[in-house]
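Peer 1: Before I ask anything, let me first share the structure, which is written out below as structure tokens.
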Amino acid sequence: MKIDILLGLQWGDEGKGKIVDVVTPDYDVVARFQGGPNAGHSLEFNGIRHVLHIIPSGIFHKEKTNIIGNGVVIDPITFEEEINALVKMGLTPTDNLLISKKAHLIMPTHKLLDAAQEAKKGAGKIGSTLKGIGPTYTDKTARSGLRVCDLYSDNFEEKYQHLLELHKETLRQYQYDYSETLPELETRWKQSLVTLRKFKAIDSEYVLYEYLQEGRRILAEGAQGTLLDLEFGAYPFVTSSNTIAAGAFTGLGLDPHFAGKVIGIVKAYCTRVGSGPFPTELFDETGERLRTIGNEFGATTGRPRRCGWLDLVALKYALMIDGVTDIALTKADVMSDFETIKVCTAYKVNGELTNRMPTENDVKIEPVFTELPGWKEDISKCQSYAELPQVFKDYIRYIEEFTGTKISIVSVGPDRTATIFRD
């Protein structure tokens with residue numbers, strides 16, 4: 001049995017939550033492999049929009065097992081808020097949600113460090129969500145972090161206090177005043193640990209391996225997007241974890257020979273939150289139309305997203321890095337109002353034509369566009385591929401021919417029912 005991977009191919013916000021929710025019936029287990037509450041996975045059904053930050057997007061299927069993997073960093077407060085919201089819906093997440101003992105915990109001071117570090121960067125800030133993600137991963141690599149397994153240790157408080165003092169010293173070096181905010185954050189954080197301790201903590205690598213031996217079907221769910229990967233994104237404007245397909249194996253403790261399908265999610269256009277290169281970004285009325293029609297505001301931060309045309313150079317790079325076998329195209333309905341649609345098919349970097357993404361951030365990138373006709377037709381009610389307008393099918397075929405990868409899933413609206421499978 002193989003493990004399939006589902007991840008974003010752009011800068012996040014591609015619609016992963018919806019697609020995970022839609023394909024979950026084909027799996028027995030959904031396992032989140034990296035990231036933390038900086039992610040916002042949105043899904044909609046029965047006219048209600050739901051946003052998950054830490055919990056896997058398969059949680060709404062009561063009969064499916066959901067696992068928070070070792071590569072995830074958990075904010076107990078955000079976790080408790082999500083659990084309370086699920087309970088209000090009549091779900092019992094303690095029945096089908098398991099947590100890796102090796103997952104790291106976000107402390108209140110991690111959030112304060114995040115804010116202090118971002119403020120110190122001034123004009124060079126990266127656009128952090130200020131959720132404490134970076135400092136938590138920093139402690140993880142420095143081998144000083146707190147893990148879920150520590151919650152059950154007799155010396156948990158000692159470990160917590162030791163790390164707390166280290167953080168306070170760093171905050172003082174940043175001249176960051178935490179005297180008023182930290183006590184309240186600490187109180188709320190320690191209260192939320194009660195909820196976290198109600199869930200079964202597991203050696204997830206053993207459990208997932210046993211599931212595969214038993215023939216259970218597993219879907220690995222990624223957060224953010226490939227172009228925000230710590231290694232292969234536009235560093236330093238990246239997240240603090242490995243968002244690419246390879247990250248699923250370190251984030252869950254499985255070896256690569258278990259790799260099955262890789263489903264890559266891509267919007268019919270591009271968006272980005274925070275700072276960093278964005279070659280196809282639009283600063284005109286068209287960009288504002290995309291933002292308004294697509295409701296492009298961060299599910300985690302609420303910040304307006306930067307919008308631009310689809311970048312096929314960046315997409316082809318992501319497909320190569322991830323080994324994508326199937327593309328899921330989302331938010332195509334947002335593009336229904338445009339007479340013509342542009343896609344970026346090459347770059348001019350410092351005046352020279354290229355089909356490769358540059359590593360350097362200080363180069364001038366000029367996108368080379370190909371113009372395609374828009375379909376100018378509401379596709380949100382289409383229920384099969386045959387019902388889609390021919391112009392839209394031509395758009396799909398153009399992307400497939402350029403990238404060499406099949407678009408197997410087409411999302412024509414936010415609801416889980418507004419999804420077309422081509423096979």
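By order of appearance in the structure tokens: chains A, B, ..., then residues from 1 within every chain, and ligands from 1 in the order shown.
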DSSP on the backbone: which residues in segment 129-212 of chain A end up as helix (DSSP H, G or I)? Give the answer as number ranges by chain.

Peer 2: A: 133-141, 148-152, 156-173, 181-196, 204-212

Peer 1: Dump C-alpha atoms for the selected residues as an mmCIF file, in the first residue's frame?

Peer 2:
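Contents of part-v1.cif, as written:
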```cif
data_model
loop_
_atom_site.group_PDB
_atom_site.id
_atom_site.type_symbol
_atom_site.label_atom_id
_atom_site.label_comp_id
_atom_site.auth_asym_id
_atom_site.auth_seq_id
_atom_site.Cartn_x
_atom_site.Cartn_y
_atom_site.Cartn_z
ATOM 1 C CA ILE A 133 6.010 29.280 13.884
ATOM 2 C CA GLY A 134 9.576 30.357 13.076
ATOM 3 C CA PRO A 135 10.797 30.571 16.680
ATOM 4 C CA THR A 136 9.255 27.166 17.444
ATOM 5 C CA TYR A 137 11.053 25.517 14.531
ATOM 6 C CA THR A 138 14.211 27.370 15.608
ATOM 7 C CA ASP A 139 14.002 25.751 19.045
ATOM 8 C CA LYS A 140 13.347 22.423 17.361
ATOM 9 C CA THR A 141 16.546 22.614 15.311
ATOM 10 C CA VAL A 148 3.800 16.723 22.998
ATOM 11 C CA CYS A 149 5.417 13.832 24.868
ATOM 12 C CA ASP A 150 6.746 16.359 27.408
ATOM 13 C CA LEU A 151 3.165 17.080 28.484
ATOM 14 C CA TYR A 152 3.150 13.717 30.236
ATOM 15 C CA PHE A 156 7.352 19.242 32.229
ATOM 16 C CA GLU A 157 7.180 22.412 34.319
ATOM 17 C CA GLU A 158 10.948 22.399 34.759
ATOM 18 C CA LYS A 159 11.478 22.081 30.997
ATOM 19 C CA TYR A 160 8.945 24.818 30.349
ATOM 20 C CA GLN A 161 10.516 27.240 32.828
ATOM 21 C CA HIS A 162 14.015 26.623 31.471
ATOM 22 C CA LEU A 163 12.942 27.469 27.913
ATOM 23 C CA LEU A 164 10.834 30.376 29.154
ATOM 24 C CA GLU A 165 13.865 32.009 30.771
ATOM 25 C CA LEU A 166 15.896 31.602 27.579
ATOM 26 C CA HIS A 167 13.101 33.293 25.623
ATOM 27 C CA LYS A 168 12.827 36.142 28.130
ATOM 28 C CA GLU A 169 16.537 36.810 27.845
ATOM 29 C CA THR A 170 16.252 36.988 24.054
ATOM 30 C CA LEU A 171 13.243 39.319 24.305
ATOM 31 C CA ARG A 172 15.222 41.611 26.575
ATOM 32 C CA GLN A 173 17.989 41.699 23.993
ATOM 33 C CA THR A 181 1.135 40.572 27.649
ATOM 34 C CA LEU A 182 2.998 37.448 28.810
ATOM 35 C CA PRO A 183 1.124 36.719 32.094
ATOM 36 C CA GLU A 184 -2.252 36.621 30.347
ATOM 37 C CA LEU A 185 -0.892 34.550 27.457
ATOM 38 C CA GLU A 186 0.686 32.075 29.873
ATOM 39 C CA THR A 187 -2.523 31.639 31.849
ATOM 40 C CA ARG A 188 -4.548 30.979 28.720
ATOM 41 C CA TRP A 189 -1.885 28.656 27.329
ATOM 42 C CA LYS A 190 -1.684 26.494 30.446
ATOM 43 C CA GLN A 191 -5.471 26.236 30.569
ATOM 44 C CA SER A 192 -5.559 25.008 26.974
ATOM 45 C CA LEU A 193 -3.162 22.154 27.797
ATOM 46 C CA VAL A 194 -6.075 20.441 29.541
ATOM 47 C CA THR A 195 -7.802 19.993 26.176
ATOM 48 C CA LEU A 196 -4.628 18.852 24.416
ATOM 49 C CA SER A 204 2.895 8.159 14.729
ATOM 50 C CA GLU A 205 5.675 6.664 12.634
ATOM 51 C CA TYR A 206 4.942 3.211 14.060
ATOM 52 C CA VAL A 207 1.192 3.646 13.778
ATOM 53 C CA LEU A 208 1.317 4.841 10.159
ATOM 54 C CA TYR A 209 3.691 2.035 9.192
ATOM 55 C CA GLU A 210 1.333 -0.509 10.748
ATOM 56 C CA TYR A 211 -1.635 1.076 8.957
ATOM 57 C CA LEU A 212 0.171 0.653 5.625
#
```

Peer 1: Using DSSP assignments from the backbone, pull out every residue in segment 60-116 of chain A that falls under strand (DSSP E or B) and give it to me as a list in words.

Peer 2: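 Here is the list: Thr65, Asn66, Ile67, Ile68, Val72, Val73, Ile74, Leu97, Leu98, Ile99, Ser100, His104 and Leu105 of chain A.
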
Peer 1: What does the structure give for the distance between atom CA of Ser128 of chain A and atom CA of Gly274 of chain A, in Å to one decimal?

Peer 2: 6.9 Å

Peer 1: Name the residues in contact with segment 345-349 of chain A at a cut-off of 8 Å, using only C-alpha atoms, excluding same-chain residues fewer than 2 positions from it; report them as a list in words.

Peer 2: Asp311, Leu312, Val313, Val343, Gly351, Glu352, Leu353, Thr354, Asn355, Arg356, Pro358, Val363, Lys364, Ile365, Glu366, Pro367, Val368, Phe369 and Thr370 of chain A

Peer 1: So, counting only C-alpha atoms, which residue among A:Lys267, A:Arg217, A:Arg147, A:His257 is closest to Ile407 of chain A?

Peer 2: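 Answer, going by the shortest atom-to-atom distance: A:Lys267.
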
Peer 1: Which polymer residues have any atom within 10 Å of an atom of Ala314 of chain A, counting only C-alpha atoms, with same-chain residues fewer than 4 positions away left out, as an MDAnalysis selection string?

Peer 2: chainID A and resid 9:10 226:227 278:279 310 318:320 344:347 355:357

Peer 1: Suppose you want the space between atom CA of Ser384 of chain A and atom CA of Pro56 of chain A; what is it in Å?

Peer 2: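 For atom CA of Ser384 of chain A relative to atom CA of Pro56 of chain A, the distance reads 27.8 Å.
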
Peer 1: Report the distance between atom CA of Gln390 of chain A and atom CA of Cys307 of chain A in Å, rounded to one decimal place.

Peer 2: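 Distance between the two atoms: 25.8 Å.
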